[in-house]
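This is target-v7.csv. It holds CSV, C-alpha atoms.
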```csv
chain,number,residue,atom,x,y,z
A,1,MET,CA,17.2,-11.9,-6.3
A,2,GLY,CA,17.7,-9.6,-3.3
A,3,ILE,CA,14.9,-7.5,-1.8
A,4,PHE,CA,16.1,-4.2,-3.4
A,5,SER,CA,16.6,-5.9,-6.7
A,6,LYS,CA,13.0,-7.1,-6.6
A,7,ILE,CA,11.8,-3.6,-5.8
A,8,LYS,CA,13.9,-2.1,-8.5
A,9,SER,CA,12.7,-4.6,-11.0
A,10,GLY,CA,9.1,-4.1,-9.9
A,11,LEU,CA,9.3,-0.3,-10.4
A,12,LYS,CA,11.0,-0.5,-13.8
A,13,LYS,CA,8.0,0.6,-15.8
A,14,THR,CA,7.4,3.6,-13.5
A,15,LYS,CA,11.1,4.5,-13.7
A,16,ASP,CA,11.1,4.2,-17.5
A,17,SER,CA,8.1,6.4,-17.7
A,18,MET,CA,8.4,9.1,-15.0
A,19,THR,CA,12.1,9.3,-14.3
A,20,LYS,CA,13.2,9.3,-17.9
A,21,GLN,CA,10.7,12.1,-18.7
A,22,VAL,CA,12.1,14.1,-15.8
A,23,GLU,CA,15.6,13.6,-17.1
A,24,THR,CA,14.6,14.7,-20.6
A,25,ILE,CA,13.2,17.9,-19.2
A,26,LEU,CA,16.3,18.6,-17.1
A,27,HIS,CA,18.6,18.0,-20.1
A,28,SER,CA,16.6,20.4,-22.2
A,29,PHE,CA,17.2,23.4,-19.9
A,30,THR,CA,20.4,25.3,-19.3
A,31,LYS,CA,19.2,27.0,-16.2
A,32,ILE,CA,16.5,26.6,-13.5
A,33,ASP,CA,13.6,28.9,-14.2
A,34,GLU,CA,9.8,28.9,-13.9
A,35,GLU,CA,9.3,27.3,-17.3
A,36,LEU,CA,11.3,24.3,-16.1
A,37,PHE,CA,9.1,23.9,-13.0
A,38,GLU,CA,5.9,24.1,-15.1
A,39,GLU,CA,7.1,21.3,-17.4
A,40,LEU,CA,8.3,19.2,-14.4
A,41,GLU,CA,4.9,19.7,-12.6
A,42,GLU,CA,3.1,18.6,-15.7
A,43,THR,CA,5.2,15.4,-16.0
A,44,LEU,CA,4.6,14.6,-12.3
A,45,ILE,CA,0.8,15.0,-12.8
A,46,MET,CA,0.9,12.7,-15.9
A,47,SER,CA,2.7,10.2,-13.7
A,48,ASP,CA,-0.4,9.8,-11.5
A,49,ILE,CA,1.1,11.8,-8.6
A,50,GLY,CA,-1.9,14.1,-8.9
A,51,VAL,CA,-2.3,17.9,-9.2
A,52,ALA,CA,-2.2,18.8,-5.5
A,53,THR,CA,0.8,16.6,-4.7
A,54,SER,CA,2.7,17.6,-7.8
A,55,THR,CA,2.3,21.2,-7.0
A,56,LYS,CA,3.5,20.6,-3.4
A,57,ILE,CA,6.6,18.7,-4.7
A,58,CYS,CA,7.5,21.6,-7.0
A,59,ASP,CA,7.0,24.1,-4.2
A,60,LYS,CA,9.3,22.2,-1.9
A,61,LEU,CA,11.9,22.0,-4.8
A,62,ARG,CA,11.7,25.8,-5.2
A,63,GLU,CA,12.3,26.3,-1.5
A,64,LYS,CA,15.4,24.0,-1.5
A,65,ILE,CA,16.8,25.6,-4.6
A,66,LYS,CA,16.2,29.1,-3.1
A,67,LEU,CA,18.2,28.0,-0.1
A,68,THR,CA,21.1,26.6,-2.1
A,69,GLY,CA,21.2,29.2,-4.8
A,70,GLU,CA,21.8,26.4,-7.4
A,71,LYS,CA,21.4,27.3,-11.1
A,72,ASP,CA,22.2,23.9,-12.8
A,73,PRO,CA,19.0,21.9,-13.7
A,74,GLU,CA,20.9,18.6,-13.1
A,75,ILE,CA,20.7,19.3,-9.3
A,76,ILE,CA,16.9,18.9,-9.4
A,77,LYS,CA,17.0,15.1,-9.8
A,78,GLY,CA,18.7,14.6,-6.5
A,79,LEU,CA,16.5,17.1,-4.8
A,80,LEU,CA,13.4,15.5,-6.3
A,81,LYS,CA,14.4,12.2,-4.9
A,82,GLU,CA,15.0,13.8,-1.5
A,83,VAL,CA,11.6,15.5,-1.5
A,84,ILE,CA,9.7,12.4,-2.5
A,85,CYS,CA,11.5,10.3,0.2
A,86,GLU,CA,10.7,12.9,2.9
A,87,MET,CA,7.0,13.0,1.9
A,88,LEU,CA,6.7,9.2,2.0
A,89,GLU,CA,8.3,8.7,5.4
A,90,GLY,CA,6.3,7.8,8.5
A,91,GLY,CA,4.0,5.0,9.5
A,92,GLU,CA,5.2,2.3,7.0
A,93,GLN,CA,6.0,-0.2,9.8
A,94,LEU,CA,3.4,-2.7,10.7
A,95,ASN,CA,2.2,-2.2,14.3
A,96,ILE,CA,1.9,-5.8,15.5
A,97,SER,CA,3.9,-5.9,18.8
A,98,THR,CA,1.2,-7.6,21.0
A,99,LYS,CA,0.7,-11.3,21.0
A,100,PRO,CA,-1.6,-12.0,19.3
A,101,SER,CA,-2.1,-9.0,17.0
A,102,VAL,CA,-4.8,-8.7,14.4
A,103,ILE,CA,-4.7,-7.5,10.8
A,104,LEU,CA,-7.9,-6.9,9.0
A,105,VAL,CA,-7.6,-6.8,5.2
A,106,ILE,CA,-10.1,-5.0,3.0
A,107,GLY,CA,-10.4,-4.2,-0.7
A,108,VAL,CA,-12.7,-4.7,-3.7
A,109,ASN,CA,-12.7,-7.8,-5.8
A,110,GLY,CA,-9.9,-8.0,-8.3
A,111,VAL,CA,-7.2,-6.0,-6.5
A,112,GLY,CA,-5.4,-9.0,-5.3
A,113,LYS,CA,-6.7,-9.1,-1.7
A,114,THR,CA,-6.7,-12.8,-1.2
A,115,THR,CA,-3.3,-13.2,-2.8
A,116,THR,CA,-1.9,-10.4,-0.6
A,117,ILE,CA,-3.1,-12.1,2.5
A,118,GLY,CA,-1.4,-15.3,1.5
A,119,LYS,CA,1.9,-13.5,0.7
A,120,LEU,CA,1.7,-11.4,3.9
A,121,ALA,CA,1.2,-14.6,5.9
A,122,ALA,CA,4.3,-16.1,4.2
A,123,ASN,CA,6.3,-12.9,4.8
A,124,LEU,CA,5.4,-12.9,8.6
A,125,LYS,CA,6.0,-16.6,8.9
A,126,SER,CA,9.5,-16.2,7.4
A,127,GLN,CA,10.2,-13.7,10.3
A,128,GLY,CA,9.4,-16.5,12.7
A,129,LYS,CA,5.9,-15.5,13.5
A,130,ARG,CA,3.0,-18.0,14.0
A,131,VAL,CA,0.1,-16.9,11.7
A,132,ILE,CA,-3.5,-17.9,11.6
A,133,LEU,CA,-5.9,-16.8,8.8
A,134,GLY,CA,-9.6,-16.0,9.2
A,135,ALA,CA,-11.7,-16.4,6.1
A,136,ALA,CA,-14.2,-13.7,7.0
A,137,ASP,CA,-15.1,-12.8,3.4
A,138,THR,CA,-18.1,-15.1,3.6
A,139,PHE,CA,-19.9,-13.2,0.8
A,140,ARG,CA,-18.2,-15.3,-1.9
A,141,ALA,CA,-17.4,-19.1,-1.7
A,142,ALA,CA,-14.5,-18.5,-4.1
A,143,ALA,CA,-12.9,-16.1,-1.6
A,144,ILE,CA,-12.9,-18.9,1.1
A,145,GLU,CA,-11.5,-21.5,-1.3
A,146,GLN,CA,-8.8,-19.2,-2.6
A,147,LEU,CA,-7.7,-18.3,0.9
A,148,GLU,CA,-7.5,-22.0,1.8
A,149,ILE,CA,-5.2,-22.5,-1.1
A,150,TRP,CA,-3.0,-19.6,0.0
A,151,SER,CA,-2.9,-20.9,3.6
A,152,GLU,CA,-1.5,-24.2,2.2
A,153,ARG,CA,1.1,-22.4,0.1
A,154,ALA,CA,2.2,-20.2,3.0
A,155,GLY,CA,2.1,-23.1,5.5
A,156,VAL,CA,-0.2,-21.5,8.0
A,157,ASP,CA,-3.5,-22.5,9.7
A,158,ILE,CA,-6.9,-21.2,8.5
A,159,VAL,CA,-10.2,-20.8,10.2
A,160,LYS,CA,-13.3,-20.9,7.9
A,161,HIS,CA,-17.1,-21.2,7.9
A,162,LYS,CA,-19.5,-21.8,5.1
A,163,GLU,CA,-20.5,-19.2,2.5
A,164,GLY,CA,-23.0,-16.8,3.9
A,165,ALA,CA,-21.8,-17.3,7.5
A,166,ASP,CA,-21.5,-14.3,9.9
A,167,PRO,CA,-18.1,-12.7,9.2
A,168,ALA,CA,-17.8,-11.6,12.9
A,169,ALA,CA,-18.4,-15.3,14.0
A,170,VAL,CA,-15.4,-16.3,11.8
A,171,VAL,CA,-13.3,-13.6,13.3
A,172,PHE,CA,-14.3,-14.8,16.8
A,173,ASP,CA,-13.3,-18.4,16.0
A,174,ALA,CA,-10.0,-17.2,14.4
A,175,ILE,CA,-9.2,-15.2,17.6
A,176,SER,CA,-10.1,-18.3,19.8
A,177,ALA,CA,-7.8,-20.4,17.6
A,178,GLY,CA,-5.1,-17.8,17.7
A,179,LYS,CA,-5.1,-17.8,21.5
A,180,ALA,CA,-5.3,-21.6,21.8
A,181,ARG,CA,-2.4,-22.1,19.3
A,182,ASN,CA,-0.2,-19.3,20.7
A,183,ALA,CA,-0.3,-17.3,17.4
A,184,ASP,CA,1.6,-14.1,16.9
A,185,VAL,CA,-0.7,-12.7,14.2
A,186,ILE,CA,-4.3,-13.3,13.1
A,187,ILE,CA,-5.0,-12.1,9.6
A,188,CYS,CA,-8.6,-11.8,8.7
A,189,ASP,CA,-10.0,-11.4,5.2
A,190,THR,CA,-13.2,-9.2,4.9
A,191,ALA,CA,-15.7,-8.5,2.2
A,192,GLY,CA,-14.9,-5.2,0.5
A,193,ARG,CA,-18.2,-4.2,-1.0
A,194,LEU,CA,-18.2,-0.5,-1.8
A,195,HIS,CA,-21.6,-0.4,-3.5
A,196,ASN,CA,-23.3,-0.2,-0.1
A,197,LYS,CA,-21.0,1.6,2.4
A,198,LYS,CA,-23.5,1.3,5.2
A,199,ASN,CA,-23.4,-2.5,5.0
A,200,LEU,CA,-19.6,-2.5,4.9
A,201,MET,CA,-19.4,-0.1,7.8
A,202,ASP,CA,-21.8,-2.2,9.9
A,203,GLU,CA,-19.9,-5.4,9.1
A,204,LEU,CA,-16.5,-3.9,10.0
A,205,ASN,CA,-17.9,-2.3,13.1
A,206,LYS,CA,-19.3,-5.6,14.3
A,207,ILE,CA,-15.9,-7.3,13.6
A,208,SER,CA,-14.1,-4.6,15.4
A,209,ARG,CA,-16.4,-5.0,18.5
A,210,VAL,CA,-15.6,-8.7,18.6
A,211,ILE,CA,-11.8,-8.0,18.4
A,212,ASP,CA,-12.0,-5.2,21.1
A,213,ARG,CA,-14.1,-7.5,23.4
A,214,GLU,CA,-12.0,-10.7,22.9
A,215,MET,CA,-8.6,-9.1,22.6
A,216,GLU,CA,-8.7,-5.8,24.5
A,217,GLY,CA,-5.6,-3.7,24.1
A,218,CYS,CA,-4.2,-5.8,21.2
A,219,ASP,CA,-2.5,-4.1,18.2
A,220,LYS,CA,-4.8,-3.9,15.2
A,221,GLU,CA,-4.0,-3.0,11.6
A,222,VAL,CA,-6.7,-2.3,9.0
A,223,LEU,CA,-5.0,-2.6,5.6
A,224,LEU,CA,-6.6,-1.6,2.3
A,225,VAL,CA,-5.4,-3.4,-0.8
A,226,LEU,CA,-5.3,-1.3,-3.9
A,227,ASP,CA,-4.4,-2.1,-7.5
A,228,ALA,CA,-1.6,0.2,-8.7
A,229,THR,CA,-2.6,-0.2,-12.3
A,230,THR,CA,-5.8,1.8,-11.7
A,231,GLY,CA,-3.9,5.0,-11.0
A,232,GLN,CA,-6.0,7.8,-9.7
A,233,ASN,CA,-8.9,5.5,-9.3
A,234,ALA,CA,-7.0,3.9,-6.5
A,235,VAL,CA,-6.8,7.2,-4.6
A,236,ASN,CA,-10.6,7.6,-5.1
A,237,GLN,CA,-11.2,4.1,-3.8
A,238,ALA,CA,-9.0,4.8,-0.8
A,239,LYS,CA,-11.0,8.0,0.0
A,240,GLN,CA,-14.2,6.0,0.0
A,241,PHE,CA,-12.8,3.2,2.2
A,242,LYS,CA,-11.3,5.7,4.6
A,243,GLU,CA,-14.7,7.2,5.2
A,244,ALA,CA,-16.2,3.7,5.9
A,245,ALA,CA,-13.3,2.1,7.9
A,246,GLY,CA,-10.5,3.1,10.2
A,247,ILE,CA,-7.7,2.3,7.7
A,248,THR,CA,-4.2,2.2,9.2
A,249,GLY,CA,-2.3,1.5,6.0
A,250,ILE,CA,-2.2,0.6,2.3
A,251,VAL,CA,-1.0,-2.4,0.4
A,252,LEU,CA,-0.3,-1.5,-3.2
A,253,THR,CA,-0.4,-4.5,-5.6
A,254,LYS,CA,0.7,-5.0,-9.2
A,255,LEU,CA,3.4,-2.3,-9.3
A,256,ASP,CA,5.4,-4.4,-11.6
A,257,GLY,CA,2.7,-4.2,-14.3
A,258,THR,CA,2.2,-0.5,-14.4
A,259,ALA,CA,4.0,2.9,-15.0
A,260,ARG,CA,1.7,4.4,-12.3
A,261,GLY,CA,3.9,3.8,-9.3
A,262,GLY,CA,3.8,7.5,-8.5
A,263,ILE,CA,0.3,6.8,-7.0
A,264,ILE,CA,2.1,5.9,-3.8
A,265,ILE,CA,3.1,9.5,-3.3
A,266,ALA,CA,-0.4,10.8,-3.9
A,267,ILE,CA,-1.9,8.3,-1.5
A,268,LYS,CA,0.4,9.3,1.3
A,269,ASP,CA,0.2,13.0,0.7
A,270,GLU,CA,-3.5,13.4,0.0
A,271,LEU,CA,-4.9,10.9,2.4
A,272,GLY,CA,-2.2,10.7,5.1
A,273,LEU,CA,-2.2,6.9,4.8
A,274,PRO,CA,1.2,5.1,4.8
A,275,VAL,CA,1.9,2.4,2.3
A,276,LYS,CA,2.9,-0.7,4.4
A,277,TYR,CA,3.6,-3.2,1.6
A,278,ILE,CA,4.0,-3.3,-2.2
A,279,GLY,CA,3.5,-6.1,-4.6
A,280,VAL,CA,6.2,-6.3,-7.2
A,281,GLY,CA,5.6,-9.7,-8.9
A,282,GLU,CA,3.7,-13.0,-8.9
A,283,GLN,CA,5.9,-15.1,-6.6
A,284,ILE,CA,5.0,-15.7,-2.9
A,285,ASP,CA,7.9,-13.6,-1.8
A,286,ASP,CA,7.1,-10.7,-4.1
A,287,LEU,CA,5.1,-8.8,-1.5
A,288,GLN,CA,7.7,-6.5,0.1
A,289,PRO,CA,7.6,-4.2,3.2
A,290,PHE,CA,7.5,-0.6,1.8
A,291,SER,CA,10.6,1.5,2.3
A,292,PRO,CA,10.5,5.2,1.2
A,293,THR,CA,14.3,5.2,0.8
A,294,GLU,CA,14.4,2.0,-1.4
A,295,PHE,CA,11.4,3.4,-3.4
A,296,ALA,CA,13.3,6.6,-4.1
A,297,ASP,CA,16.5,4.8,-4.8
A,298,ALA,CA,14.8,2.5,-7.3
A,299,LEU,CA,13.3,5.4,-9.2
A,300,PHE,CA,16.2,7.8,-9.2
A,301,ASP,CA,19.5,5.9,-8.9
```
Would you encode the structure as structure tokens?
Amino acid sequence: MGIFSKIKSGLKKTKDSMTKQVETILHSFTKIDEELFEELEETLIMSDIGVATSTKICDKLREKIKLTGEKDPEIIKGLLKEVICEMLEGGEQLNISTKPSVILVIGVNGVGKTTTIGKLAANLKSQGKRVILGAADTFRAAAIEQLEIWSERAGVDIVKHKEGADPAAVVFDAISAGKARNADVIICDTAGRLHNKKNLMDELNKISRVIDREMEGCDKEVLLVLDATTGQNAVNQAKQFKEAAGITGIVLTKLDGTARGGIIIAIKDELGLPVKYIGVGEQIDDLQPFSPTEFADALFD
């Protein structure tokens, strides 16, 4: 299955829910009027795009229609695709041009964080990059064990300590190994405990100081993993993590298991955080770089 086919398949539930409802609305009107926009806005809100973002989308549609003077409701589907694509563009590429670069991955238990790291490592390795994993979520022994399994599946090296070890010490050793082994990317797992934001902030700050000291000037991504099936809760989670950590992008998992794919639009619009990768299945190659164009095509074509 090609990359676009995987994305299209992964977004099927969202398309079947949101896009089909949009089409039903458009078919039930003979002209573009305010009542049509009200129903469209309600449908977008119910698709987990959120109130503020749905209002913004409809306002942008009104502006485009005013410019064209179109009266046929069928024109709205193409314009909606255009608006959504425009809103999602910007920042989706990983910034890992230095050698080595560092990616910190954060997220609460159960969102697919460890799985995401394994799949991301496999994705980068397939691009010819040498990857090393750092098991810096030392809060749970299971996290270290799971990451070790994924390192074997992806065929990449891992640096680990025992449960309860200092996460910053793990990151230090991962950086040392990355330099010694001529790695392109060092991906570090971190504990994503939100019940105590001060502890999380202190831990991430300590890790960041180690990276800045040992790899001054290197590219660093801080990726937050979110579970798409949680809908608006994912946006709330992202808001909390954004306050506690310098997040540079989002990885949205489990898109294939939900009709709530519209959450991508809300995250980018409300938080200004780009979606870097999306998870569209269980296989190791089902974590795909996010493309606004492919996302819009999968939903509306």
Show me, as a JSON list (two decimals) with C-alpha atoms, in the coordinates of the input, the residues that have an atom within 9 Å of A:Leu147 when counting only C-alpha atoms, minus same-chain residues fewer than 3 positions from it.
```json
[["chain", "number", "residue", "atom", "x", "y", "z"],
["A", 114, "THR", "CA", -6.70, -12.80, -1.20],
["A", 115, "THR", "CA", -3.30, -13.20, -2.80],
["A", 117, "ILE", "CA", -3.10, -12.10, 2.50],
["A", 118, "GLY", "CA", -1.40, -15.30, 1.50],
["A", 133, "LEU", "CA", -5.90, -16.80, 8.80],
["A", 134, "GLY", "CA", -9.60, -16.00, 9.20],
["A", 135, "ALA", "CA", -11.70, -16.40, 6.10],
["A", 142, "ALA", "CA", -14.50, -18.50, -4.10],
["A", 143, "ALA", "CA", -12.90, -16.10, -1.60],
["A", 144, "ILE", "CA", -12.90, -18.90, 1.10],
["A", 150, "TRP", "CA", -3.00, -19.60, 0.00],
["A", 151, "SER", "CA", -2.90, -20.90, 3.60],
["A", 152, "GLU", "CA", -1.50, -24.20, 2.20],
["A", 158, "ILE", "CA", -6.90, -21.20, 8.50],
["A", 189, "ASP", "CA", -10.00, -11.40, 5.20]]
```
(request) To one decimal in Å, tell me the separation between atom CA of A:Gly249 and atom CA of A:Pro274. (result)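 Taking atom CA of A:Gly249 as the start and atom CA of A:Pro274 as the end point, the length is 5.2 Å.
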(message) Can you measure atom CA of A:Val251 to atom CA of A:Lys276 for me? One decimal in Å is fine.
(response)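 It comes out at 5.8 Å.
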(message) Give me the residues near stretch 81-97 of chain A as a VMD selection string, where near means some atom within 9 Å (using only C-alpha atoms) and where sequence neighbours in that chain fewer than 2 positions away do not count.
(response) chain A and resid 57 60 to 61 76 to 79 99 to 103 184 to 185 218 to 221 248 to 250 264 to 265 268 to 269 273 to 277 289 to 297 299 to 300
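Remark: for A:Gly178, the closest of the candidate residues A:Glu38, A:Asp166, A:Glu214, A:Glu282 is A:Glu214 (distances computed over all atoms listed in the file).
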Just the residues within 9 Å of A:Ala141, please, counting all atoms listed in the file, with nothing from its chain fewer than 6 positions along; format it as a CSV table (one decimal) with C-alpha atoms, in the frame of the given file.
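The new file part33.csv reads:
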```csv
chain,number,residue,atom,x,y,z
A,162,LYS,CA,-19.5,-21.8,5.1
A,163,GLU,CA,-20.5,-19.2,2.5
A,164,GLY,CA,-23.0,-16.8,3.9
```
(message) Residues near A:Ile7, anyone? I mean within 9 Å using all atoms listed in the file, not counting same-chain ones fewer than 2 positions away, as a list of chain:residue names.
(response)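 Everything that qualifies: A:Gly2, A:Ile3, A:Phe4, A:Ser5, A:Ser9, A:Gly10, A:Leu11, A:Lys12, A:Asp256, A:Ile278, A:Gly279, A:Val280, A:Asp286, A:Gln288, A:Glu294, A:Phe295, A:Ala298.
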(request) Using only C-alpha atoms, pick whichever of A:Ile211, A:Glu41, A:Ile187, A:Arg130 has the shortest atom-to-atom distance to A:Ala169. (result) A:Ile211
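From atom CA of A:Gly112 back to atom CA of A:Ser17, the distance works out to 23.9 Å.
Across A:Ala52, A:Ala244, A:Leu252, A:Leu226, the tightest approach to A:Val111 is made by A:Leu226 when counting only C-alpha atoms.
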Quick one: residues within 9 Å of A:Ala191, only C-alpha atoms counted, chain neighbours fewer than 3 positions away excluded, as a PDB file with C-alpha atoms, in the frame of the given file?
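New file result21.pdb:
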```
ATOM      1  CA  VAL A 105      -7.600  -6.800   5.200  1.00  0.00           C
ATOM      2  CA  ILE A 106     -10.100  -5.000   3.000  1.00  0.00           C
ATOM      3  CA  GLY A 107     -10.400  -4.200  -0.700  1.00  0.00           C
ATOM      4  CA  VAL A 108     -12.700  -4.700  -3.700  1.00  0.00           C
ATOM      5  CA  ASN A 109     -12.700  -7.800  -5.800  1.00  0.00           C
ATOM      6  CA  ALA A 136     -14.200 -13.700   7.000  1.00  0.00           C
ATOM      7  CA  ASP A 137     -15.100 -12.800   3.400  1.00  0.00           C
ATOM      8  CA  THR A 138     -18.100 -15.100   3.600  1.00  0.00           C
ATOM      9  CA  PHE A 139     -19.900 -13.200   0.800  1.00  0.00           C
ATOM     10  CA  ARG A 140     -18.200 -15.300  -1.900  1.00  0.00           C
ATOM     11  CA  ALA A 143     -12.900 -16.100  -1.600  1.00  0.00           C
ATOM     12  CA  PRO A 167     -18.100 -12.700   9.200  1.00  0.00           C
ATOM     13  CA  LEU A 200     -19.600  -2.500   4.900  1.00  0.00           C
ATOM     14  CA  GLU A 203     -19.900  -5.400   9.100  1.00  0.00           C
TER      15      GLU A 203
END
```
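Nearest residue to A:Leu120, choosing from A:Ile186, A:His161, A:Thr43, A:Asp72 and counting only C-alpha atoms: A:Ile186.
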Could all heavy atoms be built for stretch 115-123 of chain A and written out as an mmCIF file, in the frame of the given file?
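part_36.cif, freshly written:
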```cif
data_model
loop_
_atom_site.group_PDB
_atom_site.id
_atom_site.type_symbol
_atom_site.label_atom_id
_atom_site.label_comp_id
_atom_site.auth_asym_id
_atom_site.auth_seq_id
_atom_site.Cartn_x
_atom_site.Cartn_y
_atom_site.Cartn_z
ATOM 1 N N THR A 115 -4.667 -12.928 -2.528
ATOM 2 C CA THR A 115 -3.300 -13.200 -2.800
ATOM 3 C C THR A 115 -2.354 -12.445 -1.848
ATOM 4 O O THR A 115 -1.372 -12.991 -1.337
ATOM 5 C CB THR A 115 -2.924 -12.773 -4.266
ATOM 6 O OG1 THR A 115 -3.791 -13.466 -5.153
ATOM 7 C CG2 THR A 115 -1.484 -13.068 -4.620
ATOM 8 N N THR A 116 -2.715 -11.197 -1.581
ATOM 9 C CA THR A 116 -1.900 -10.400 -0.600
ATOM 10 C C THR A 116 -1.918 -10.993 0.740
ATOM 11 O O THR A 116 -0.865 -11.032 1.392
ATOM 12 C CB THR A 116 -2.532 -8.949 -0.584
ATOM 13 O OG1 THR A 116 -2.331 -8.307 -1.843
ATOM 14 C CG2 THR A 116 -1.887 -8.121 0.520
ATOM 15 N N ILE A 117 -3.066 -11.489 1.206
ATOM 16 C CA ILE A 117 -3.100 -12.100 2.500
ATOM 17 C C ILE A 117 -2.202 -13.326 2.595
ATOM 18 O O ILE A 117 -1.449 -13.502 3.564
ATOM 19 C CB ILE A 117 -4.574 -12.508 2.876
ATOM 20 C CG1 ILE A 117 -5.432 -11.255 3.043
ATOM 21 C CG2 ILE A 117 -4.617 -13.357 4.149
ATOM 22 C CD1 ILE A 117 -6.926 -11.531 3.142
ATOM 23 N N GLY A 118 -2.233 -14.144 1.546
ATOM 24 C CA GLY A 118 -1.400 -15.300 1.500
ATOM 25 C C GLY A 118 0.104 -14.951 1.539
ATOM 26 O O GLY A 118 0.900 -15.545 2.275
ATOM 27 N N LYS A 119 0.463 -13.938 0.747
ATOM 28 C CA LYS A 119 1.900 -13.500 0.700
ATOM 29 C C LYS A 119 2.295 -12.832 1.996
ATOM 30 O O LYS A 119 3.430 -12.997 2.445
ATOM 31 C CB LYS A 119 2.068 -12.557 -0.492
ATOM 32 C CG LYS A 119 1.956 -13.240 -1.853
ATOM 33 C CD LYS A 119 2.148 -12.243 -2.991
ATOM 34 C CE LYS A 119 2.093 -12.929 -4.341
ATOM 35 N NZ LYS A 119 2.269 -11.975 -5.461
ATOM 36 N N LEU A 120 1.382 -12.076 2.602
ATOM 37 C CA LEU A 120 1.700 -11.400 3.900
ATOM 38 C C LEU A 120 1.900 -12.477 4.962
ATOM 39 O O LEU A 120 2.826 -12.358 5.782
ATOM 40 C CB LEU A 120 0.534 -10.476 4.265
ATOM 41 C CG LEU A 120 0.657 -9.732 5.595
ATOM 42 C CD1 LEU A 120 1.930 -8.891 5.644
ATOM 43 C CD2 LEU A 120 -0.574 -8.848 5.824
ATOM 44 N N ALA A 121 1.063 -13.521 4.939
ATOM 45 C CA ALA A 121 1.200 -14.600 5.900
ATOM 46 C C ALA A 121 2.584 -15.280 5.745
ATOM 47 O O ALA A 121 3.276 -15.567 6.735
ATOM 48 C CB ALA A 121 0.100 -15.636 5.711
ATOM 49 N N ALA A 122 2.974 -15.510 4.488
ATOM 50 C CA ALA A 122 4.300 -16.100 4.200
ATOM 51 C C ALA A 122 5.416 -15.225 4.678
ATOM 52 O O ALA A 122 6.419 -15.692 5.238
ATOM 53 C CB ALA A 122 4.416 -16.432 2.728
ATOM 54 N N ASN A 123 5.259 -13.916 4.449
ATOM 55 C CA ASN A 123 6.300 -12.900 4.800
ATOM 56 C C ASN A 123 6.457 -12.935 6.364
ATOM 57 O O ASN A 123 7.588 -12.962 6.874
ATOM 58 C CB ASN A 123 5.875 -11.546 4.332
ATOM 59 C CG ASN A 123 6.924 -10.487 4.594
ATOM 60 O OD1 ASN A 123 7.082 -10.039 5.716
ATOM 61 N ND2 ASN A 123 7.636 -10.078 3.561
#
```
